[in-house]
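Undergrad: I am sharing coords37.txt, which consists of compact mmCIF, C-alpha atoms:
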# COMPACT_ATOMS: atom_id res chain seq x y z
CA MET Q 9 -33.01 -12.46 18.21
CA SER Q 10 -33.95 -10.17 15.40
CA ALA Q 11 -33.74 -11.02 11.71
CA LEU Q 12 -30.99 -8.38 11.35
CA ALA Q 13 -28.81 -10.20 13.88
CA TRP Q 14 -29.36 -13.57 12.22
CA SER Q 15 -28.61 -12.28 8.73
CA THR Q 16 -25.46 -10.50 9.95
CA ALA Q 17 -24.31 -13.64 11.76
CA VAL Q 18 -24.81 -15.78 8.66
CA GLY Q 19 -23.12 -13.14 6.47
CA VAL Q 20 -20.10 -12.94 8.78
CA ALA Q 21 -19.79 -16.74 8.95
CA VAL Q 22 -19.98 -17.11 5.15
CA TRP Q 23 -17.50 -14.29 4.62
CA LEU Q 24 -15.00 -15.82 7.08
CA TRP Q 25 -15.45 -19.25 5.53
CA LEU Q 26 -14.91 -17.92 1.98
CA ARG Q 27 -11.79 -15.97 2.99
CA ARG Q 28 -10.57 -18.90 5.15
CA TRP Q 29 -10.17 -16.52 8.07
CA PRO Q 30 -10.37 -17.69 11.73
CA PHE Q 31 -13.67 -17.56 13.60
CA ALA Q 32 -12.13 -16.50 16.94
CA PHE Q 33 -13.05 -12.79 16.83
CA ALA Q 34 -16.53 -13.57 15.48
CA ALA Q 35 -17.01 -16.01 18.37
CA VAL Q 36 -16.11 -13.25 20.84
CA GLY Q 37 -18.64 -11.04 19.03
CA TRP Q 38 -21.28 -13.73 19.46
CA GLY Q 39 -20.36 -14.01 23.15
CA VAL Q 40 -20.71 -10.26 23.78
CA GLY Q 41 -24.04 -10.15 21.94
CA ILE Q 42 -25.47 -13.19 23.72
CA GLY Q 43 -24.23 -11.83 27.06
CA MET Q 44 -26.22 -8.65 26.42
CA ARG Q 45 -29.25 -10.68 25.23
CA ASP Q 46 -29.79 -8.22 22.44
CA GLY Q 47 -30.08 -8.66 18.65
CA VAL Q 48 -28.67 -5.22 17.87
CA ALA Q 49 -25.69 -5.85 20.17
CA VAL Q 50 -25.02 -9.17 18.39
CA THR Q 51 -25.15 -7.41 14.99
CA ALA Q 52 -22.90 -4.57 16.15
CA SER Q 53 -20.33 -6.83 17.77
CA LEU Q 54 -20.24 -9.17 14.77
CA ILE Q 55 -19.63 -6.28 12.37
CA ALA Q 56 -16.89 -4.96 14.67
CA SER Q 57 -15.38 -8.45 14.98
CA LEU Q 58 -15.19 -8.70 11.20
CA GLY Q 59 -12.99 -5.60 11.21
CA PHE Q 60 -10.81 -7.08 13.96
CA THR Q 61 -10.45 -10.32 12.01
CA ALA Q 62 -9.38 -8.38 8.91
CA LEU Q 63 -6.83 -6.46 10.99
CA GLY Q 64 -5.48 -9.69 12.51
CA GLN Q 65 -5.11 -11.25 9.06
CA ALA Q 66 -3.42 -8.12 7.70
CA GLU Q 67 -0.90 -8.19 10.55
CA ARG Q 68 -0.24 -11.87 9.93
CA TYR Q 69 0.37 -11.08 6.25
CA GLU Q 70 2.71 -8.26 7.28
CA LYS Q 71 4.78 -10.71 9.37
CA GLN Q 72 4.93 -13.12 6.45
CA ARG Q 73 6.14 -10.35 4.13
CA ASP Q 74 8.80 -9.33 6.66
CA ALA Q 75 9.96 -12.96 6.74
CA ASP Q 76 10.03 -13.04 2.90
CA GLU Q 77 12.14 -9.91 2.86
CA PHE Q 78 14.54 -11.32 5.43
CA GLN Q 79 14.86 -14.57 3.46
CA SER Q 80 15.57 -12.58 0.28
CA LEU Q 81 18.27 -10.61 2.05
CA VAL Q 82 19.95 -13.78 3.33
CA PHE Q 83 19.64 -15.34 -0.13
CA LEU Q 84 21.24 -12.35 -1.88
CA GLU Q 85 24.08 -12.14 0.65
CA ARG Q 86 24.82 -15.85 0.28
CA LEU Q 87 24.60 -15.68 -3.50
CA ARG Q 88 27.02 -12.77 -3.49
CA GLN Q 89 29.55 -14.65 -1.35
CA LEU Q 90 29.31 -17.76 -3.52
CA TRP Q 91 29.46 -15.72 -6.75
CA ARG Q 92 32.87 -14.46 -5.62
CA VAL Q 93 34.06 -18.02 -5.00
CA ARG Q 94 32.51 -19.86 -7.95
CA GLY Q 95 32.43 -17.11 -10.58
CA THR Q 96 29.17 -18.19 -12.22
CA LEU Q 97 25.53 -17.85 -11.26
CA ALA Q 98 24.89 -21.53 -11.94
CA GLY Q 99 27.84 -22.51 -9.75
CA ALA Q 100 26.72 -20.28 -6.90
CA LEU Q 101 23.13 -21.56 -7.07
CA ASP Q 102 24.41 -25.12 -7.29
CA GLU Q 103 26.38 -24.72 -4.08
CA MET Q 104 23.28 -23.31 -2.40
CA GLY Q 105 21.40 -26.49 -3.26
CA TYR Q 106 19.48 -25.30 -6.34
CA ARG Q 107 20.07 -27.60 -9.29
CA SER Q 108 20.34 -25.80 -12.62
CA ARG Q 109 21.26 -27.09 -16.06
CA ARG Q 110 22.61 -24.92 -18.85
CA GLY Q 111 20.43 -24.44 -21.93
CA THR Q 112 17.31 -25.97 -20.41
CA ARG Q 113 14.26 -24.62 -18.62
CA ASP Q 114 16.24 -25.18 -15.41
CA ALA Q 115 18.91 -22.63 -16.42
CA ALA Q 116 20.32 -20.56 -13.53
CA GLU Q 117 18.41 -17.41 -14.58
CA GLU Q 118 15.16 -19.37 -14.59
CA VAL Q 119 15.87 -20.74 -11.11
CA LEU Q 120 16.62 -17.22 -9.85
CA SER Q 121 13.45 -15.92 -11.49
CA GLU Q 122 11.39 -18.63 -9.77
CA ILE Q 123 12.89 -17.76 -6.40
CA ALA Q 124 12.18 -14.07 -7.00
CA HIS Q 125 8.62 -14.94 -8.01
CA ALA Q 126 8.14 -16.91 -4.79
CA PHE Q 127 9.41 -14.13 -2.52
CA GLN Q 128 7.96 -11.13 -4.46
CA VAL Q 129 10.55 -8.75 -3.01
CA ARG Q 130 11.31 -5.79 -5.25
CA SER Q 131 15.13 -5.84 -5.07
CA LEU Q 132 15.35 -9.57 -5.66
CA THR Q 133 12.94 -9.31 -8.62
CA LEU Q 134 15.09 -6.55 -10.08
CA VAL Q 135 18.27 -8.61 -9.68
CA SER Q 136 16.55 -11.56 -11.34
CA THR Q 137 15.26 -9.43 -14.25
CA VAL Q 138 18.66 -7.88 -14.88
CA THR Q 139 20.45 -11.26 -14.77
CA SER Q 140 18.00 -12.78 -17.24
CA ILE Q 141 18.44 -9.83 -19.63
CA VAL Q 142 22.23 -9.81 -19.56
CA ARG Q 143 22.53 -13.62 -19.78
CA ARG Q 144 23.67 -13.49 -23.43
CA HIS Q 145 26.62 -11.18 -22.80
CA GLY Q 146 27.40 -12.04 -19.16
CA GLY Q 147 29.15 -9.56 -16.90
CA ASP Q 148 30.10 -9.01 -13.27
CA LEU Q 149 27.04 -9.55 -11.07
CA GLU Q 150 28.83 -8.77 -7.80
CA PRO Q 151 27.94 -5.02 -7.70
CA LEU Q 152 24.36 -5.83 -8.66
CA LEU Q 153 24.00 -8.42 -5.86
CA ALA Q 154 25.61 -6.01 -3.38
CA TRP Q 155 23.17 -3.33 -4.49
CA GLY Q 156 20.22 -5.70 -4.05
CA ALA Q 157 21.18 -6.64 -0.48
CA GLY Q 158 22.02 -3.03 0.43
CA SER Q 159 18.74 -1.80 -1.00
CA ILE Q 160 16.75 -4.24 1.17
CA GLN Q 161 18.68 -3.21 4.29
CA GLU Q 162 18.21 0.50 3.63
CA GLY Q 163 14.51 -0.04 3.01
CA GLN Q 164 14.19 -1.96 6.28
CA ALA Q 165 15.93 0.83 8.21
CA ARG Q 166 13.64 3.50 6.76
CA ARG Q 167 10.56 1.41 7.44
CA TYR Q 168 11.48 0.64 11.06
CA VAL Q 169 11.89 4.35 11.79
CA ARG Q 170 8.44 5.09 10.38
CA GLN Q 171 6.80 2.08 12.05
CA MET Q 172 8.00 3.19 15.48
CA GLU Q 173 5.57 6.10 15.21
CA GLU Q 174 2.86 4.06 13.53
CA GLN Q 175 2.87 1.25 16.09
CA ALA Q 176 1.83 3.65 18.85
CA ARG Q 177 -1.09 4.84 16.75
CA ARG Q 178 -2.11 1.30 15.87
CA ALA Q 179 -2.14 0.43 19.57
CA THR Q 180 -4.32 3.50 20.20
CA VAL Q 181 -6.78 2.35 17.54
CA ARG Q 182 -6.93 -1.12 19.11
CA ILE Q 183 -7.51 0.18 22.64
CA LEU Q 184 -10.10 2.72 21.54
CA ALA Q 185 -11.91 0.07 19.48
CA LEU Q 186 -12.28 -2.05 22.62
CA ALA Q 187 -13.14 0.88 24.90
CA PRO Q 188 -16.93 0.85 24.19
CA VAL Q 189 -17.07 -2.80 25.36
CA GLY Q 190 -15.47 -1.76 28.65
CA VAL Q 191 -17.83 1.19 29.02
CA VAL Q 192 -20.88 -1.02 28.41
CA ALA Q 193 -19.54 -3.53 30.96
CA VAL Q 194 -19.13 -0.73 33.54
CA PHE Q 195 -22.74 0.35 32.87
CA ARG Q 196 -23.91 -3.25 33.19
CA PHE Q 197 -22.37 -3.86 36.60
CA PHE Q 198 -22.29 -0.41 38.25
CA ILE Q 199 -24.94 1.83 36.61
CA PRO Q 200 -27.87 -0.47 35.75
CA SER Q 201 -30.19 2.43 34.87
CA PHE Q 202 -27.78 3.59 32.16
CA TYR Q 203 -27.46 0.04 30.90
CA GLN Q 204 -31.25 -0.32 30.72
CA ALA Q 205 -31.47 2.96 28.79
CA LEU Q 206 -28.85 1.64 26.35
CA HIS Q 207 -30.48 -1.75 26.13
CA ASN Q 208 -34.16 -0.86 25.85
CA THR Q 209 -34.45 2.48 24.08
CA LEU Q 210 -34.32 3.15 20.36
CA MET Q 211 -31.61 5.76 20.83
CA GLY Q 212 -29.44 3.35 22.82
CA GLN Q 213 -29.83 0.64 20.18
CA ALA Q 214 -28.97 3.12 17.42
CA ALA Q 215 -25.84 4.14 19.36
CA LEU Q 216 -24.80 0.48 19.72
CA LEU Q 217 -25.24 -0.09 16.00
CA VAL Q 218 -23.29 3.08 15.09
CA VAL Q 219 -20.48 2.01 17.43
CA GLY Q 220 -20.33 -1.51 15.94
CA VAL Q 221 -20.40 -0.34 12.33
CA SER Q 222 -17.86 2.47 12.82
CA THR Q 223 -15.50 0.16 14.75
CA GLY Q 224 -15.78 -2.42 11.96
CA VAL Q 225 -15.16 0.19 9.25
CA VAL Q 226 -12.23 1.81 11.07
CA THR Q 227 -10.45 -1.49 11.78
CA TRP Q 228 -11.14 -2.58 8.20
CA ILE Q 229 -9.57 0.62 6.81
CA LEU Q 230 -6.57 0.10 9.07
CA ALA Q 231 -6.31 -3.52 7.85
CA ILE Q 232 -6.32 -2.32 4.22
CA LYS Q 233 -3.59 0.20 5.04
CA VAL Q 234 -1.47 -2.45 6.79
CA ARG Q 235 -1.90 -4.90 3.90
CA LYS Q 236 -1.11 -2.29 1.25
CA GLU Q 237 2.01 -1.28 3.13
CA ALA Q 238 3.07 -4.93 3.60
CA MET Q 239 2.76 -5.64 -0.14
CA GLU Q 240 5.62 -3.26 -0.90
CA ARG Q 241 8.74 -5.05 0.14
CA MET N 2 -32.50 16.15 -5.04
CA THR N 3 -32.20 16.60 -8.82
CA VAL N 4 -28.89 18.39 -8.35
CA MET N 5 -27.68 15.60 -6.08
CA ALA N 6 -28.72 12.90 -8.57
CA ALA N 7 -26.96 14.74 -11.40
CA TRP N 8 -23.89 15.13 -9.23
CA SER N 9 -23.83 11.43 -8.32
CA ILE N 10 -24.18 10.37 -11.97
CA ALA N 11 -21.38 12.76 -12.96
CA ILE N 12 -19.08 11.37 -10.26
CA VAL N 13 -19.82 7.78 -11.26
CA LEU N 14 -19.08 8.64 -14.92
CA LEU N 15 -15.85 10.40 -14.00
CA LEU N 16 -14.75 7.43 -11.91
CA TRP N 17 -15.78 4.97 -14.59
CA LEU N 18 -13.92 6.84 -17.30
CA GLU N 19 -10.98 7.36 -14.91
CA LYS N 20 -11.05 11.09 -15.43
CA GLN N 21 -10.16 12.10 -11.89
CA ASP N 22 -8.51 15.24 -13.23
CA ARG N 23 -11.90 16.59 -14.18
CA ALA N 24 -13.49 15.62 -10.88
CA VAL N 25 -12.87 19.19 -9.75
CA TRP N 26 -16.07 20.09 -11.66
CA ALA N 27 -17.93 18.01 -9.09
CA TRP N 28 -17.54 20.95 -6.73
CA ALA N 29 -19.66 23.22 -8.97
CA PRO N 30 -23.12 21.61 -8.47
CA LEU N 31 -22.13 20.98 -4.88
CA ALA N 32 -21.55 24.69 -4.30
CA GLY N 33 -24.82 25.44 -6.11
CA GLY N 34 -26.65 22.91 -3.95
CA ALA N 35 -25.23 24.39 -0.76
CA PHE N 36 -26.18 27.88 -1.89
CA LEU N 37 -29.75 26.88 -2.81
CA GLY N 38 -30.27 25.18 0.53
CA ALA N 39 -29.63 21.49 -0.09
CA PRO N 40 -29.91 19.35 3.05
CA PRO N 41 -26.73 19.42 5.16
CA TRP N 42 -26.24 15.63 5.08
CA ALA N 43 -26.24 15.69 1.29
CA VAL N 44 -23.68 18.50 1.22
CA LEU N 45 -21.59 16.59 3.78
CA ILE N 46 -21.65 13.31 1.83
CA SER N 47 -20.99 14.93 -1.52
CA GLY N 48 -18.23 17.09 -0.01
CA GLY N 49 -16.60 13.98 1.47
CA MET N 50 -16.75 12.12 -1.83
CA SER N 51 -15.31 15.08 -3.71
CA ALA N 52 -12.48 15.26 -1.16
CA LEU N 53 -11.79 11.54 -1.67
CA LEU N 54 -11.63 12.09 -5.42
CA TRP N 55 -9.24 14.96 -4.88
CA PHE N 56 -6.99 12.72 -2.76
CA GLN N 57 -7.06 10.09 -5.49
CA LYS N 58 -6.11 12.70 -8.06
CA ARG N 59 -3.29 13.99 -5.87
CA ASP N 60 -1.84 10.49 -5.52
CA ARG N 61 -2.04 9.91 -9.26
CA LYS N 62 -0.17 13.14 -9.96
CA VAL N 63 2.99 11.69 -8.37
CA ALA N 64 5.54 10.94 -11.11
CA ASP N 65 5.02 7.56 -12.69
CA PRO N 66 7.00 5.07 -10.55
CA GLY N 67 6.81 2.42 -13.25
CA LEU N 68 8.85 4.58 -15.63
CA ARG N 69 11.41 5.44 -12.99
CA GLU N 70 11.76 1.83 -11.91
CA ALA N 71 12.28 0.85 -15.53
CA LEU N 72 14.94 3.57 -15.82
CA ILE N 73 16.75 2.18 -12.75
CA ARG N 74 16.58 -1.31 -14.25
CA PHE N 75 17.88 0.05 -17.56
CA TRP N 76 20.95 1.62 -15.96
CA GLN N 77 21.57 -1.52 -13.87
CA GLU N 78 21.59 -3.55 -17.07
CA VAL N 79 23.92 -1.05 -18.77
CA SER N 80 26.26 -1.31 -15.77
CA VAL N 81 26.41 -5.12 -15.88
CA LEU N 82 26.84 -5.12 -19.68
CA LEU N 83 29.72 -2.65 -19.38
CA THR N 84 31.48 -5.08 -17.04
CA ALA N 85 30.98 -7.77 -19.71
CA GLY N 86 33.16 -5.70 -22.06
CA LEU N 87 30.46 -4.22 -24.29
CA GLY N 88 30.93 -0.69 -25.61
CA PHE N 89 28.74 2.07 -24.18
CA TRP N 90 26.46 2.36 -27.20
CA ALA N 91 26.02 -1.41 -27.54
CA ALA N 92 25.20 -1.71 -23.83
CA VAL N 93 22.61 1.09 -24.08
CA GLU N 94 21.03 -0.47 -27.17
CA HIS N 95 20.84 -3.93 -25.64
CA ALA N 96 19.51 -2.71 -22.29
CA SER N 97 16.92 -0.34 -23.78
CA GLN N 98 15.55 -3.10 -26.01
CA ALA N 99 14.90 -5.12 -22.87
CA GLU N 100 12.90 -2.27 -21.30
CA PRO N 101 9.93 -1.41 -23.52
CA THR N 102 8.80 1.42 -21.18
CA VAL N 103 11.95 3.49 -21.63
CA TYR N 104 12.92 2.30 -25.13
CA PRO N 105 11.20 5.13 -27.11
CA LEU N 106 12.56 7.78 -24.76
CA ILE N 107 16.12 6.45 -24.79
CA SER N 108 16.11 6.04 -28.57
CA GLN N 109 14.90 9.64 -28.95
CA VAL N 110 17.72 10.90 -26.71
CA ALA N 111 20.22 8.74 -28.62
CA LEU N 112 19.08 10.22 -31.97
CA HIS N 113 19.45 13.76 -30.59
CA ILE N 114 22.95 13.04 -29.30
CA ALA N 115 24.00 11.37 -32.54
CA GLY N 116 22.77 14.47 -34.44
CA ASP N 117 24.44 17.08 -32.25
CA PRO N 118 26.71 15.49 -29.61
CA HIS N 119 27.74 18.71 -27.84
CA ALA N 120 24.30 20.25 -27.25
CA LEU N 121 22.39 18.93 -24.25
CA PRO N 122 19.34 17.16 -25.76
CA ALA N 123 15.80 18.12 -24.81
CA ASN N 124 14.18 15.86 -22.21
CA PRO N 125 11.70 13.64 -24.08
CA GLY N 126 9.60 13.05 -20.93
CA ILE N 127 11.75 11.22 -18.38
CA PRO N 128 10.51 12.69 -15.09
CA GLY N 129 12.49 14.68 -12.54
CA LEU N 130 16.16 14.69 -11.71
CA ASP N 131 16.52 11.11 -12.98
CA GLY N 132 15.68 12.38 -16.47
CA GLU N 133 18.35 15.08 -16.36
CA VAL N 134 20.94 12.61 -14.99
CA THR N 135 20.04 10.17 -17.78
CA LEU N 136 20.59 12.86 -20.43
CA ILE N 137 23.97 13.84 -18.98
CA LEU N 138 25.08 10.19 -18.64
CA MET N 139 24.07 9.42 -22.22
CA GLN N 140 25.88 12.44 -23.60
CA HIS N 141 28.99 11.81 -21.49
CA GLY N 142 28.97 8.14 -22.40
CA TYR N 143 28.73 8.96 -26.10
CA LEU N 144 31.53 11.55 -26.01
CA HIS N 145 33.93 10.09 -23.44
CA GLY N 146 32.67 6.62 -22.48
CA LEU N 147 31.45 5.46 -19.07
CA THR N 148 32.74 2.91 -16.57
CA HIS N 149 30.38 0.56 -14.76
CA SER N 150 31.27 2.12 -11.39
CA GLN N 151 30.15 5.57 -12.60
CA VAL N 152 26.82 4.12 -13.66
CA GLU N 153 26.43 2.21 -10.37
CA VAL N 154 26.88 5.39 -8.33
CA GLU N 155 24.14 7.12 -10.32
CA VAL N 156 21.84 4.09 -10.04
CA ARG N 157 22.26 4.10 -6.25
CA HIS N 158 21.27 7.77 -6.16
CA MET N 159 18.26 7.18 -8.41
CA GLU N 160 17.08 4.29 -6.27
CA ALA N 161 17.58 6.25 -3.04
CA ARG N 162 15.62 9.21 -4.45
CA LEU N 163 12.71 6.98 -5.46
CA ALA N 164 12.74 5.21 -2.08
CA TYR N 165 12.77 8.51 -0.17
CA GLU N 166 9.91 9.89 -2.26
CA ARG N 167 7.86 6.78 -1.51
CA GLU N 168 8.69 7.09 2.16
CA ALA N 169 7.66 10.75 2.17
CA LYS N 170 4.37 9.80 0.52
CA LYS N 171 3.71 7.22 3.24
CA ARG N 172 4.56 9.73 5.94
CA ARG N 173 2.06 12.17 4.46
CA ASP N 174 -0.64 9.51 4.70
CA PRO N 175 -0.76 9.15 8.51
CA LEU N 176 -3.63 11.61 8.36
CA TRP N 177 -5.61 8.37 8.38
CA MET N 178 -3.90 7.27 11.55
CA THR N 179 -5.04 10.49 13.22
CA VAL N 180 -8.59 10.38 11.89
CA LEU N 181 -9.25 6.74 12.81
CA PRO N 182 -8.63 7.10 16.60
CA ALA N 183 -10.74 10.27 16.57
CA ILE N 184 -13.69 8.35 15.09
CA LEU N 185 -13.26 5.63 17.70
CA LEU N 186 -13.13 8.22 20.47
CA LEU N 187 -16.49 9.50 19.27
CA ASN N 188 -17.85 5.96 19.72
CA VAL N 189 -17.27 6.15 23.47
CA LEU N 190 -19.10 9.47 23.43
CA TRP N 191 -22.18 7.94 21.72
CA ILE N 192 -22.31 5.20 24.36
CA PHE N 193 -22.47 7.86 27.08
CA VAL N 194 -24.69 10.36 25.31
CA ALA N 195 -27.40 8.00 24.00
CA PRO N 196 -28.63 6.73 27.42
CA MET N 197 -28.32 10.22 28.90
CA LEU N 198 -30.46 11.70 26.15
CA SER N 199 -33.08 8.98 26.33
CA MET N 200 -33.25 9.24 30.13
CA ALA N 201 -33.46 13.03 29.95
CA SER N 202 -36.25 12.91 27.37
CA ARG N 203 -38.20 10.42 29.51
CA SER N 204 -37.91 12.50 32.66
CA TRP N 205 -38.84 15.61 30.71
CA LEU N 206 -42.04 13.89 29.54
CA LYS N 207 -42.88 13.01 33.15
CA LEU N 208 -42.59 16.67 34.09
Can you give me the file's structure in the form of structure tokens?

TA:
Amino acid sequence: MSALAWSTAVGVAVWLWLRRWPFAFAAVGWGVGIGMRDGVAVTASLIASLGFTALGQAERYEKQRDADEFQSLVFLERLRQLWRVRGTLAGALDEMGYRSRRGTRDAAEEVLSEIAHAFQVRSLTLVSTVTSIVRRHGGDLEPLLAWGAGSIQEGQARRYVRQMEEQARRATVRILALAPVGVVAVFRFFIPSFYQALHNTLMGQAALLVVGVSTGVVTWILAIKVRKEAMER
Amino acid sequence: MTVMAAWSIAIVLLLWLEKQDRAVWAWAPLAGGAFLGAPPWAVLISGGMSALLWFQKRDRKVADPGLREALIRFWQEVSVLLTAGLGFWAAVEHASQAEPTVYPLISQVALHIAGDPHALPANPGIPGLDGEVTLILMQHGYLHGLTHSQVEVEVRHMEARLAYEREAKKRRDPLWMTVLPAILLLNVLWIFVAPMLSMASRSWLKL
């Protein structure tokens, strides 16, 4: 194996280890490269697998953010119901199982602020900010809590409509990113002369490298887009 | 090459100083280079980078969401304080002090209204329709008072406007989602074309 393949392999392994990302895609990359018995193929597939790993992690993060948003919605709805019954924020939080003490660092506004900080959902953060600002004068929080829950639901509805279109395109990207592997496999088993030309010539090796790098870059860009989108909840 | 080097340094400086608005000047040496016969790859790369800068500039030109979010927060606070029994002016004062982003703007509007309550005050820089609504609410609140439900209705509209603008921005972005599959489709083409070309060149040499 060439020095390029070794250095890429080490780079990918270190990167995955530092980011604490799984090695599964990189292992598949190794497998493809070793199956082709080619240093350039190993390099290309490892670079592509890095992109796939980033995309997988971004989608995992997206799921986590969706769960955070759902939890915030449930929390706000419950808080609103209990606010009606108990009449105070501390009372409502107390009934939900959060212990708060007046005049200490565990005051109800602080507890709410900590919860908002944990979930990082915009509407919940806004509700928490407003409650902490109006704590001196008090006031009716019911409309504010209703607004927070409604805002999350409306945001979800808008996002689902947009994601219906986006999911199809994401699937296209995934299939097209894997297509070159299928094409190379077809060459390998059915058109050996083509496979030899890809395997042994400079032009074929350059094509493999271009394919690996562009697949890696494209999936990486998609991962950044997914992550950026998932941050806004 | 000298033109390209100068262009690259200029772009780096513009990026470093965060002066994307002036990045349009990056097109000038690029056009000169193209005219004088710079290599096509250089023109392509520099053109791509200039386009990226333009995109960045376009995104930055969108009205400051931080200010509008602060304005929404401000009116939410006013609404809750009104339910607590505070007068309109006291609620505005208390809420604006809690929002340092909008405080100077709100205090400017308040001074204008206190000076001449019946003339609509000039907008001190609150962007878009939200700014106009804020001016009208402030004036109406000063002259006739406001209930918390009136403020809530306006806050809902402000929030919906901001959310729809963000959504529209995201829907404009799927250009990426069209470009990315196209690049990947080209990959399949390379895999076919590279062996064909190498085989063709070999057989041509044999001839």

Undergrad: Between atom CA of Q:Ile232 and atom CA of Q:Ala66, what is the distance, to one decimal in Å?

TA: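 Taking atom CA of Q:Ile232 as the start and atom CA of Q:Ala66 as the end point, the length is 7.4 Å.
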
Undergrad: Quick one: which chain Q residues come within 9 Å of chain N, and what is the nearest atom pair for each with the distance in Å to one decimal, counting all atoms listed in the file, rows ordered by chain and ascending number, as CSV?

TA:
residue,atom,partner,partner_atom,distance
Q:Leu134,CA,N:Arg74,CA,6.9
Q:Val135,CA,N:Arg74,CA,8.8
Q:Thr137,CA,N:Arg74,CA,8.2
Q:Val138,CA,N:Glu78,CA,5.7
Q:Thr139,CA,N:Glu78,CA,8.1
Q:Ile141,CA,N:Ala99,CA,6.7
Q:Val142,CA,N:Leu82,CA,6.6
Q:His145,CA,N:Ala85,CA,6.3
Q:Gly146,CA,N:Ala85,CA,5.6
Q:Gly147,CA,N:Ala85,CA,3.8
Q:Asp148,CA,N:Thr84,CA,5.6
Q:Leu149,CA,N:Val81,CA,6.6
Q:Pro151,CA,N:Glu153,CA,7.9
Q:Leu152,CA,N:Gln77,CA,7.3
Q:Trp155,CA,N:Arg157,CA,7.7
Q:Ser159,CA,N:Glu160,CA,8.2
Q:Glu162,CA,N:Ala161,CA,8.8
Q:Gly163,CA,N:Ala164,CA,7.5
Q:Arg166,CA,N:Glu168,CA,7.7
Q:Arg167,CA,N:Glu168,CA,8.0
Q:Arg170,CA,N:Arg172,CA,7.5
Q:Glu174,CA,N:Met178,CA,7.7
Q:Arg177,CA,N:Met178,CA,6.4
Q:Arg178,CA,N:Met178,CA,7.6
Q:Thr180,CA,N:Pro182,CA,6.7
Q:Val181,CA,N:Pro182,CA,5.2
Q:Arg182,CA,N:Pro182,CA,8.8
Q:Leu184,CA,N:Leu185,CA,5.8
Q:Ala185,CA,N:Leu185,CA,6.0
Q:Ala187,CA,N:Val189,CA,6.8
Q:Pro188,CA,N:Val189,CA,5.4
Q:Val191,CA,N:Val189,CA,7.5
Q:Val192,CA,N:Ile192,CA,7.6
Q:Ser201,CA,N:Pro196,CA,8.7
Q:Phe202,CA,N:Pro196,CA,5.7
Q:Tyr203,CA,N:Pro196,CA,7.6
Q:Gln204,CA,N:Pro196,CA,8.2
Q:Ala205,CA,N:Pro196,CA,4.9
Q:Leu206,CA,N:Pro196,CA,5.2
Q:His207,CA,N:Pro196,CA,8.8
Q:Thr209,CA,N:Ser199,CA,7.0
Q:Leu210,CA,N:Ser199,CA,8.4
Q:Met211,CA,N:Ala195,CA,5.7
Q:Gly212,CA,N:Ala195,CA,5.2
Q:Gln213,CA,N:Ala195,CA,8.6
Q:Ala214,CA,N:Ala195,CA,8.3
Q:Ala215,CA,N:Trp191,CA,5.8
Q:Leu216,CA,N:Ile192,CA,7.1
Q:Val218,CA,N:Asn188,CA,7.7
Q:Val219,CA,N:Asn188,CA,5.3
Q:Gly220,CA,N:Asn188,CA,8.7
Q:Ser222,CA,N:Leu185,CA,7.4
Q:Thr223,CA,N:Leu185,CA,6.6
Q:Val226,CA,N:Leu181,CA,6.0
Q:Thr227,CA,N:Leu181,CA,8.4
Q:Ile229,CA,N:Leu181,CA,8.6
Q:Leu230,CA,N:Met178,CA,8.0
Q:Glu237,CA,N:Lys171,CA,8.7

Undergrad: Just the number, please: distance in Å from atom CA of N:Val93 to atom CA of N:His113, one decimal.

TA: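 Straight-line distance from atom CA of N:Val93 to atom CA of N:His113 works out to 14.6 Å.
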
Undergrad: In Å, rounded to a single decimal, give me how far atom CA of Q:Gln175 is from atom CA of Q:Glu67.

TA: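 Distance between the two atoms: 11.6 Å.
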
Undergrad: Where's the centre, and what are the edge lengths in Å to one decimal, of a box along x, y and z enclosing all listed atoms of stretch 26-40 of chain Q padded 8 Å per side, as JSON?

TA:
{"center_x": -15.7, "center_y": -14.6, "center_z": 12.9, "size_x": 27.1, "size_y": 24.6, "size_z": 37.8}

Undergrad: Residues around (32.7, -13.5, -11.5), cut-off 9 Å, counting only C-alpha atoms - what are they as a VMD selection string?

TA: chain Q and resid 91 to 97 147 to 150

Undergrad: Determine the nearest neighbour of N:Gly126 from the options N:Arg69, N:Lys170, N:Arg203, N:His158, counting all atoms listed in the file.

TA: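 Closest to N:Gly126 of all the choices is N:Arg69.
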
Undergrad: With all atoms listed in the file as the counted atoms, please give the residues lying no more than 8 Å from Q:Glu240, apart from itself and same-chain residues fewer than 4 positions off, as a list in words.

TA: Val129, Arg130 and Lys236 of chain Q
